[in-house]
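Chemist: First, the structure itself, so that you have it in front of you.
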Amino acid sequence: MKNKLLSRFDSDNLRKTLIYIVIAVLLITASIFIGIAKQGNSFAAILFFIGCIMFFYAALHPWEKAIYYFILFVISVILLILLFKVGIGILVKIESKLQIPNRWAEDMAWTIGGICVAGFIAGIIGAFRFRSWD
């Protein structure tokens, strides 16, 4: 039985999507290994951020619809607002209750916020890339 979902996509488009996802995963993996090897490395943070942007962009690339990227943009903004309103307080409570050392709540808030900003940027890039002038 042929999968109707994947049969709608162009093979060249799926090939590009797969390449983008592989590059994104390699960037994120490299950033994790560099971050483990040397704590506080800015290069690892930049690689992680670029990898997240590429991953979000590649995840919606097969459809090539600007509205999907706009939805990603809106969801990222909402999650970022929720992080600032309630998420940081929850992370601080978890850190104090479990007595986790080394500013764990701050590190988690920056990581989650960075992922939301990466989704925000990927949404903008994808919306402009696939906009239609009809």
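Just remember, in the structure tokens the first chain shown is A, the second B, etc., residues are 1-based per chain, and ligands are 1-based in the order shown.
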Can you tell me, as a CSV table (one decimal) with N, CA and C atoms, in the first residue's frame, what residues are no more than 10 Å from Ile88 (chain A) when counting only C-alpha atoms, ignoring any on the same chain fewer than 6 positions away?
Modeler:
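Done, and the output landed in around.csv:
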```
chain,number,residue,atom,x,y,z
A,82,LEU,N,4.7,32.6,27.5
A,82,LEU,CA,4.4,31.7,28.7
A,82,LEU,C,5.6,31.4,29.5
A,94,ILE,N,11.3,24.1,40.9
A,94,ILE,CA,11.9,22.8,40.7
A,94,ILE,C,13.3,22.7,41.2
A,105,ALA,N,18.0,26.4,36.8
A,105,ALA,CA,16.8,27.0,36.3
A,105,ALA,C,17.1,28.1,35.2
A,106,GLU,N,18.2,28.8,35.5
A,106,GLU,CA,18.6,29.9,34.5
A,106,GLU,C,19.0,29.2,33.2
A,108,MET,N,18.1,26.3,32.0
A,108,MET,CA,17.0,25.7,31.3
A,108,MET,C,16.1,26.8,30.7
A,109,ALA,N,15.9,27.9,31.4
A,109,ALA,CA,15.2,29.0,30.8
A,109,ALA,C,15.8,29.6,29.6
A,110,TRP,N,17.1,29.7,29.6
A,110,TRP,CA,17.8,30.2,28.4
A,110,TRP,C,17.7,29.2,27.2
```
Chemist: Write out as an mmCIF file with C-alpha atoms, in the first residue's frame which residues come within 12 Å of Leu26 (chain A) when counting only C-alpha atoms, dropping same-chain ones fewer than 5 positions away.
Modeler:
```cif
data_model
loop_
_atom_site.group_PDB
_atom_site.id
_atom_site.type_symbol
_atom_site.label_atom_id
_atom_site.label_comp_id
_atom_site.auth_asym_id
_atom_site.auth_seq_id
_atom_site.Cartn_x
_atom_site.Cartn_y
_atom_site.Cartn_z
ATOM 1 C CA ILE A 19 19.582 17.156 3.773
ATOM 2 C CA TYR A 20 18.384 20.078 5.933
ATOM 3 C CA ILE A 21 17.365 17.729 8.742
ATOM 4 C CA SER A 31 27.042 21.608 19.852
ATOM 5 C CA ILE A 32 26.189 19.097 22.566
ATOM 6 C CA PHE A 33 29.581 17.404 22.321
ATOM 7 C CA ILE A 34 31.429 20.735 22.277
ATOM 8 C CA LEU A 47 25.783 25.882 16.717
ATOM 9 C CA PHE A 48 22.819 24.744 18.802
ATOM 10 C CA ILE A 50 21.556 27.538 14.138
ATOM 11 C CA GLY A 51 20.785 23.810 14.272
ATOM 12 C CA CYS A 52 17.402 24.495 15.912
ATOM 13 C CA MET A 54 17.427 24.669 10.499
ATOM 14 C CA PHE A 55 15.468 21.872 12.152
#
```
Chemist: Can you tell me, as a count of residues only, which residues in region 40-125 of chain A count as alpha helix (DSSP H) by DSSP?
Modeler: 69
Chemist: Can you tell me which residues surround Leu80 (chain A) at a distance of at most 12 Å, considering only C-alpha atoms, apart from same-chain residues fewer than 3 positions away, and format the answer as a list in words?
Modeler: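 So the residues in contact are Phe73, Val74, Ile75, Ser76, Val77, Leu83, Phe84, Lys85, Val86, Gly87, Ile88, Ala109, Trp110, Thr111, Ile112, Gly113, Gly114, Ile115, Cys116, Val117, Ala118, Gly119 and Phe120 of chain A.
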Chemist: Tell me which protein, DNA and RNA residues are within 9 Å of Ile125 (chain A), counting only C-alpha atoms, leaving out same-chain ones fewer than 4 positions away, and put them as a ChimeraX atom specification.
Modeler: /A:57,69,120-121,129-130
Chemist: So how many Å separate CA of Ala58 (chain A) and CA of Thr17 (chain A), to one decimal?
Modeler: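 Result for CA of Ala58 (chain A) versus CA of Thr17 (chain A): 5.4 Å, one decimal.
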Chemist: Do you have the CA of Lys93 (chain A)-CA of Lys38 (chain A) distance handy?
Modeler: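 Atom-to-atom, CA of Lys93 (chain A) and CA of Lys38 (chain A) are spaced 27.9 Å apart.
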